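Pasting query16.txt here (compact mmCIF, C-alpha atoms):
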# COMPACT_ATOMS: atom_id res chain seq x y z
CA MET A 1 102.91 110.40 157.23
CA ALA A 2 100.94 111.61 154.21
CA THR A 3 98.07 112.67 156.49
CA LEU A 4 100.49 114.52 158.77
CA ARG A 5 101.99 116.37 155.79
CA ARG A 6 98.51 117.46 154.65
CA LEU A 7 97.71 118.78 158.12
CA ARG A 8 100.88 120.85 158.08
CA GLU A 9 100.04 122.45 154.74
CA VAL A 10 98.86 126.03 154.93
CA PRO A 11 95.34 126.34 153.40
CA ARG A 12 95.55 128.01 150.00
CA HIS A 13 93.14 130.69 148.85
CA LEU A 14 92.43 132.87 145.84
CA LEU A 15 92.73 136.62 146.33
CA VAL A 16 91.53 139.08 143.70
CA CYS A 17 92.38 142.78 144.10
CA GLU A 18 91.12 145.69 142.03
CA LYS A 19 90.92 149.45 142.34
CA SER A 20 88.32 151.99 141.23
CA ASN A 21 86.48 155.09 142.38
CA PHE A 22 83.00 155.26 143.91
CA GLY A 23 82.10 158.02 141.47
CA HIS A 24 82.88 156.00 138.34
CA ASP A 25 79.89 154.90 136.26
CA LYS A 26 81.30 151.39 135.85
CA SER A 27 82.26 150.90 139.50
CA ARG A 28 81.25 147.39 140.65
CA HIS A 29 81.18 148.05 144.38
CA ARG A 30 77.42 147.90 144.88
CA HIS A 31 76.92 144.84 142.69
CA LEU A 32 79.64 142.88 144.52
CA VAL A 33 78.06 143.66 147.90
CA GLU A 34 74.51 142.85 146.77
CA THR A 35 75.46 139.44 145.33
CA HIS A 36 77.37 138.19 148.40
CA TYR A 37 74.26 136.97 150.19
CA HIS A 38 75.12 135.07 153.37
CA ASN A 39 77.22 137.29 155.63
CA TYR A 40 77.98 136.51 159.25
CA ARG A 41 80.56 139.14 160.22
CA VAL A 42 81.19 142.75 159.23
CA SER A 43 84.13 144.74 160.58
CA PHE A 44 85.35 148.25 159.92
CA LEU A 45 88.53 149.97 161.03
CA ILE A 46 88.92 153.74 161.21
CA PRO A 47 92.44 155.01 161.98
CA GLU A 48 92.85 158.18 164.04
CA CYS A 49 89.33 157.86 165.43
CA GLY A 50 88.54 157.41 169.12
CA ILE A 51 84.72 157.50 169.04
CA LEU A 52 82.45 156.29 166.24
CA PRO A 53 80.52 159.06 164.47
CA LYS A 54 76.85 159.19 165.43
CA GLU A 55 75.65 158.24 161.93
CA LEU A 56 77.80 155.11 161.86
CA LYS A 57 76.84 154.15 165.39
CA ASN A 58 73.14 154.38 164.51
CA LEU A 59 73.58 152.17 161.44
CA VAL A 60 75.44 149.56 163.46
CA THR A 61 72.68 149.33 166.07
CA GLU A 62 70.02 148.99 163.34
CA THR A 63 71.59 145.97 161.62
CA GLY A 64 69.24 143.24 162.98
CA PRO A 65 67.20 141.28 163.70
CA TYR A 66 67.47 137.79 162.23
CA TYR A 67 65.65 134.56 163.11
CA PHE A 68 66.26 130.89 163.96
CA VAL A 69 63.53 128.47 162.86
CA LYS A 70 63.81 124.92 164.22
CA ASN A 71 62.84 121.72 162.41
CA LEU A 72 61.50 123.54 159.35
CA PRO A 73 60.46 121.18 156.53
CA LEU A 74 61.95 122.24 153.21
CA HIS A 75 58.57 122.26 151.47
CA GLU A 76 57.56 125.28 153.55
CA LEU A 77 59.94 127.39 151.45
CA ILE A 78 58.22 126.57 148.18
CA THR A 79 54.60 127.08 149.21
CA GLN A 80 52.75 129.83 147.37
CA GLU A 81 51.93 131.51 150.69
CA PHE A 82 55.63 131.79 151.64
CA ILE A 83 56.55 133.06 148.18
CA ASN A 84 53.82 135.71 148.26
CA THR A 85 54.51 136.75 151.86
CA PHE A 86 58.30 137.02 151.73
CA VAL A 87 60.02 136.27 148.43
CA LYS A 88 57.95 138.60 146.24
CA LYS A 89 57.95 141.45 148.76
CA GLY A 90 61.68 141.98 149.05
CA SER A 91 64.94 140.51 150.19
CA CYS A 92 64.66 137.22 152.07
CA CYS A 93 67.73 135.09 152.82
CA ALA A 94 67.85 131.73 154.57
CA LEU A 95 70.59 129.23 155.36
CA THR A 96 70.72 125.92 157.21
CA TYR A 97 72.60 126.24 160.48
CA ASN A 98 75.07 123.87 162.14
CA THR A 99 75.64 121.90 158.96
CA ASN A 100 78.97 120.98 157.37
CA ILE A 101 78.84 121.87 153.69
CA ASP A 102 81.24 119.05 152.69
CA GLU A 103 79.29 116.39 154.60
CA ASP A 104 75.65 117.36 155.30
CA ASN A 105 72.58 118.38 153.36
CA THR A 106 72.59 122.17 153.14
CA VAL A 107 69.97 124.60 151.86
CA ALA A 108 70.23 128.29 150.99
CA LEU A 109 67.50 130.68 149.87
CA LEU A 110 68.79 133.58 147.79
CA PRO A 111 67.20 137.06 147.68
CA ASN A 112 66.22 136.48 144.05
CA GLY A 113 63.98 133.61 145.15
CA LYS A 114 66.26 130.76 144.04
CA LEU A 115 66.62 127.79 146.36
CA ILE A 116 70.07 126.15 146.39
CA LEU A 117 70.24 122.52 147.58
CA SER A 118 73.56 120.87 148.40
CA LEU A 119 72.63 117.21 149.02
CA ASP A 120 74.41 113.97 149.79
CA LYS A 121 74.13 111.18 147.23
CA ASP A 122 71.32 109.26 148.96
CA THR A 123 69.14 112.32 149.51
CA TYR A 124 69.72 113.53 145.96
CA GLU A 125 68.59 110.19 144.51
CA GLU A 126 65.50 110.18 146.75
CA THR A 127 64.37 113.61 145.56
CA GLY A 128 64.43 112.74 141.87
CA LEU A 129 65.66 116.25 141.05
CA GLN A 130 67.97 117.18 138.20
CA GLY A 131 71.33 118.54 139.36
CA HIS A 132 75.07 118.19 138.94
CA PRO A 133 77.78 116.61 141.11
CA SER A 134 79.39 118.88 143.68
CA ARG A 135 83.11 119.40 143.51
CA TYR A 136 83.14 118.93 147.30
CA SER A 137 82.78 115.68 148.46
CA GLY A 138 67.63 115.63 157.68
CA ARG A 139 66.14 118.63 159.04
CA LYS A 140 68.29 121.36 160.48
CA ILE A 141 67.84 124.74 162.12
CA MET A 142 67.56 127.47 159.50
CA LYS A 143 68.68 131.08 159.83
CA PHE A 144 66.60 133.79 158.16
CA SER A 145 67.40 137.46 157.58
CA MET A 146 64.33 139.66 156.90
CA GLU A 147 63.22 143.21 157.52
CA GLU A 148 59.59 142.23 158.16
CA SER A 149 58.44 141.34 161.69
CA THR A 150 55.83 139.01 160.13
CA MET A 151 58.52 136.30 160.18
CA MET A 152 57.75 135.64 163.87
CA SER A 153 54.04 135.05 163.32
CA TYR A 154 54.47 133.11 160.06
CA PHE A 155 56.76 130.46 161.61
CA SER A 156 55.23 130.45 165.10
CA ASN A 157 54.52 126.69 164.84
CA TYR A 158 58.20 125.86 164.39
CA GLY A 159 59.84 127.33 167.48
CA ILE A 160 61.12 130.54 165.94
CA GLN A 161 63.56 132.74 167.88
CA GLU A 162 64.52 136.34 167.19
CA HIS A 163 68.18 137.27 167.57
CA GLN A 164 70.07 140.54 167.43
CA PRO A 165 73.59 140.74 166.00
CA LYS A 166 76.43 140.94 168.49
CA ILE A 167 78.27 144.26 168.35
CA ALA A 168 81.80 144.81 169.63
CA VAL A 169 83.42 148.25 169.52
CA SER A 170 86.96 148.83 170.72
CA MET A 171 89.67 151.43 170.48
CA VAL A 172 93.16 150.28 169.52
CA THR A 173 96.01 152.52 170.68
CA ASP A 174 99.49 152.98 169.21
CA LEU A 175 98.67 150.99 166.09
CA GLN A 176 101.40 150.61 163.50
CA CYS A 177 99.61 151.00 160.14
CA PRO A 178 100.85 150.38 156.57
CA VAL A 179 101.36 153.43 154.39
CA LEU A 180 99.05 153.21 151.37
CA GLN A 181 98.63 155.13 148.15
CA SER A 182 95.38 154.59 146.26
CA SER A 183 97.21 154.54 142.90
CA GLU A 184 99.70 151.86 144.04
CA LEU A 185 97.68 148.65 144.29
CA ARG A 186 100.85 146.57 143.97
CA GLY A 187 102.75 148.81 146.35
CA LYS A 188 105.95 150.72 145.67
CA LEU A 189 109.30 150.04 147.30
CA GLU A 190 109.92 152.34 150.27
CA VAL A 191 106.88 154.42 149.29
CA ALA A 192 103.70 152.39 149.84
CA CYS A 193 102.55 148.89 150.85
CA SER A 194 100.61 146.61 148.51
CA ALA A 195 96.99 145.47 148.73
CA ARG A 196 98.18 141.95 149.62
CA GLU A 197 100.32 143.26 152.48
CA LEU A 198 97.39 145.27 153.82
CA PHE A 199 95.13 142.18 153.60
CA ASP A 200 97.52 140.15 155.76
CA TRP A 201 97.92 143.05 158.21
CA LEU A 202 94.15 143.40 158.65
CA GLY A 203 93.91 139.71 159.49
CA ALA A 204 96.47 140.20 162.23
CA VAL A 205 94.67 143.27 163.60
CA PHE A 206 91.29 141.52 163.66
CA SER A 207 92.92 138.55 165.42
CA ASN A 208 94.36 140.90 168.06
CA ALA A 209 97.87 139.64 167.26
CA ASP A 210 101.01 141.42 168.38
CA LEU A 211 102.62 143.26 165.47
CA ASN A 212 106.06 143.98 166.93
CA ASN A 213 107.85 140.68 166.11
CA GLU A 214 109.62 140.57 169.45
CA PRO A 215 112.05 137.63 169.95
CA SER A 216 110.23 136.63 173.14
CA ASN A 217 106.90 136.21 171.32
CA PHE A 218 106.44 132.53 170.47
CA ILE A 219 102.87 132.94 169.18
CA SER A 220 103.32 135.40 166.32
CA THR A 221 106.38 136.61 164.43
CA TYR A 222 104.31 138.88 162.21
CA CYS A 223 105.10 142.59 162.04
CA CYS A 224 103.55 145.52 160.19
CA PRO A 225 104.72 145.79 156.57
CA GLN A 226 106.93 148.72 155.62
CA PRO A 227 106.68 151.60 155.13
CA SER A 228 104.37 152.18 158.08
CA THR A 229 103.20 154.95 160.36
CA LEU A 230 102.15 154.96 164.00
CA MET A 231 98.50 155.84 164.59
CA ALA A 232 97.75 157.10 168.11
CA LYS A 233 94.34 155.40 168.06
CA ALA A 234 91.89 153.58 165.82
CA SER A 235 88.26 152.49 166.19
CA LEU A 236 87.43 148.87 165.42
CA CYS A 237 83.80 147.74 165.18
CA THR A 238 82.64 144.17 164.52
CA ILE A 239 79.06 143.01 163.90
CA THR A 240 78.34 139.26 164.09
CA GLY A 241 75.05 137.62 163.09
CA PHE A 242 73.16 137.13 159.82
CA ILE A 243 73.62 140.39 157.97
CA LEU A 244 71.76 141.42 154.82
CA PRO A 245 73.68 142.85 151.85
CA GLU A 246 71.39 145.91 151.98
CA LYS A 247 72.66 146.74 155.47
CA ILE A 248 76.25 146.41 154.30
CA CYS A 249 75.56 148.76 151.39
CA LEU A 250 74.37 151.38 153.87
CA LEU A 251 77.50 150.96 156.00
CA LEU A 252 79.72 151.25 152.94
CA GLU A 253 77.92 154.41 151.83
CA GLN A 254 78.26 155.97 155.28
CA LEU A 255 81.97 155.15 155.42
CA CYS A 256 82.37 156.96 152.10
CA HIS A 257 80.65 160.02 153.63
CA TYR A 258 83.11 159.86 156.54
CA PHE A 259 85.53 161.88 154.40
CA ASN A 260 83.02 164.61 153.54
CA GLU A 261 84.82 166.66 156.18
CA PRO A 262 88.62 166.68 156.58
CA LYS A 263 89.92 163.79 158.66
CA LEU A 264 93.32 162.70 159.92
CA ALA A 265 92.75 159.19 158.59
CA PRO A 266 93.95 158.67 154.99
CA TRP A 267 91.74 155.58 154.58
CA VAL A 268 89.26 153.28 156.34
CA THR A 269 88.42 149.61 155.76
CA LEU A 270 85.23 147.51 155.62
CA THR A 271 85.61 143.73 155.80
CA VAL A 272 82.78 141.22 155.26
CA GLN A 273 83.01 137.48 155.93
CA GLY A 274 80.53 134.92 154.64
CA PHE A 275 79.29 131.80 156.41
CA ALA A 276 81.94 129.11 156.01
CA ASP A 277 79.31 126.44 155.29
CA SER A 278 77.19 128.39 152.81
CA PRO A 279 76.71 126.42 149.55
CA VAL A 280 77.42 129.57 147.49
CA SER A 281 79.85 132.48 147.74
CA TRP A 282 78.96 135.19 145.20
CA ARG A 283 75.80 134.88 143.14
CA GLU A 284 75.36 131.13 142.54
CA ASN A 285 79.05 130.18 142.55
CA GLU A 286 79.49 126.90 144.41
CA HIS A 287 81.36 127.11 147.70
CA GLY A 288 82.97 124.38 149.80
CA PHE A 289 84.76 124.24 153.12
CA GLN A 290 87.79 122.03 152.45
CA LYS A 291 90.47 123.42 154.83
CA GLY A 292 89.10 126.86 155.60
CA GLY A 293 85.70 127.69 154.14
CA GLU A 294 86.63 131.32 153.61
CA HIS A 295 84.76 133.64 151.27
CA LEU A 296 85.15 137.28 152.15
CA TYR A 297 85.80 140.73 150.76
CA ASN A 298 87.39 143.93 151.96
CA PHE A 299 87.07 147.55 150.89
CA VAL A 300 89.85 150.05 151.47
CA ILE A 301 88.16 153.44 151.18
CA PHE A 302 90.49 156.37 150.54
CA ASN A 303 89.80 160.01 151.36
CA ASN A 304 89.61 160.91 147.64
CA GLN A 305 86.81 158.32 147.08
CA ASP A 306 89.17 155.86 145.39
CA TYR A 307 88.86 152.33 146.72
CA TRP A 308 90.55 148.97 146.66
CA LEU A 309 88.38 145.87 146.60
CA GLN A 310 89.85 142.57 147.76
CA MET A 311 87.91 139.30 147.35
CA ALA A 312 89.11 135.96 148.73
CA VAL A 313 87.83 132.37 148.50
CA GLY A 314 89.27 128.89 149.01
CA ALA A 315 91.53 127.56 146.28
CA ASN A 316 88.89 125.09 145.05
CA ASP A 317 86.12 127.68 144.69
CA ASP A 318 85.46 129.55 141.48
CA CYS A 319 87.45 132.74 141.13
CA PRO A 320 85.57 135.71 142.69
CA PRO A 321 83.59 137.68 140.10
Represent the supplied structure as structure tokens.
Amino acid sequence: MATLRRLREVPRHLLVCEKSNFGHDKSRHRHLVETHYHNYRVSFLIPECGILPKELKNLVTETGPYYFVKNLPLHELITQEFINTFVKKGSCCALTYNTNIDEDNTVALLPNGKLILSLDKDTYEETGLQGHPSRYSGRKIMKFSMEESTMMSYFSNYGIQEHQPKIAVSMVTDLQCPVLQSSELRGKLEVACSARELFDWLGAVFSNADLNNEPSNFISTYCCPQPSTLMAKASLCTITGFILPEKICLLLEQLCHYFNEPKLAPWVTLTVQGFADSPVSWRENEHGFQKGGEHLYNFVIFNNQDYWLQMAVGANDDCPP
């Protein structure tokens, strides 16, 4: 019965919300993007937009490529040749693939050159390395994300494969959207919805859930928070793969420029999800899967260059920075 009760529990998470302006000297937006290294999905939603602007469309198509390297021995990542070829020349990220962070040995290479090892007890004792116990308690395919095509030739002996991110663009019609005011992060009764309400609503939109709470719907009883407004159309774009923080910075910058000319949309959103089985979330903060494995962030970009930043992780992770 105890096991059944645990299965019924809704996974808890930590959500941090803050507001700022892209023009402020102390704005943290770029730093937060650059230190969230291992990203597998990026989505942006533009209300009152039927076709993506050309500049955004070009950025989306230029997101890749990334690479799978099979049966790569770990020592290859600490050779002087690898360090000189990739680590010292720019951003290089790597992550073991098809591993369970709470059960398997997992490795992550950070853009700053640090190698994070999350090892089981036996492997840790065999290595003789100094470390600390994880709060979450072989060779695998590794994913790399690099801008240099030399990755293919460097790992040619290990069955390397080049992949392009998957891109899905759709137009949502008659979308009931929350009313937001950039100054009201906590919302205001009968005036504006809160950042938390928007966060839940975005999850429903990305899941393609019905938002009308009809009695005949036995799958979802969720409905759009109030106050709300009906948008005739909205563009939704999702990129799935291994996506560098630098690419996300460019997308965020372009979404800010979206409001350089008057638009019907009062705001747009950019949502980034990290790999559930990455050993770190932001910077070198330890990450575990537990019941969900989530570590993600969302920007709400307003037409006056104000923004909300929402960061979420599992309840057992460190609080987002």
Practice problem: Name all residues at most 7 Å from Ala168 of chain A (count only C-alpha atoms; drop same-chain ones fewer than 2 positions away) and give them as a PyMOL selection string. | Solution: chain A and resi 166+170+237-239
Residue selection dump (C-alpha atoms) as a CSV table (one decimal), keeping the file's coordinate frame:
chain,number,residue,atom,x,y,z
A,166,LYS,CA,76.4,140.9,168.5
A,170,SER,CA,87.0,148.8,170.7
A,237,CYS,CA,83.8,147.7,165.2
A,238,THR,CA,82.6,144.2,164.5
A,239,ILE,CA,79.1,143.0,163.9
Practice problem: Please indicate the distance in Å from atom CA of Ala209 of chain A to atom CA of Leu175 of chain A, rounded to one decimal place. | Solution: 11.4 Å
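Minimum distance to Thr229 of chain A across A:Thr63, A:Gln176, A:Gln273, A:Gln161 (counting only C-alpha atoms) occurs at A:Gln176.
You can rank A:Cys92, A:Val169, A:Val87, A:Leu115 by their closest distance to Tyr66 of chain A using only C-alpha atoms, and at the top of that list sits A:Cys92.
Straight-line separation from atom CA of Leu252 of chain A to atom CA of Asn21 of chain A: 13.1 Å.
Atom pair atom CA of Ala265 of chain A / atom CA of Pro245 of chain A: separated by 26.0 Å.
Minimum distance to Pro73 of chain A across A:Ile301, A:Val280, A:Val107, A:Leu52 (counting only C-alpha atoms) occurs at A:Val107.
Comparing A:Arg28, A:Ser278, A:Gln226, A:Gln310 by their smallest distance to Leu117 of chain A, the closest is A:Ser278 (using only C-alpha atoms).
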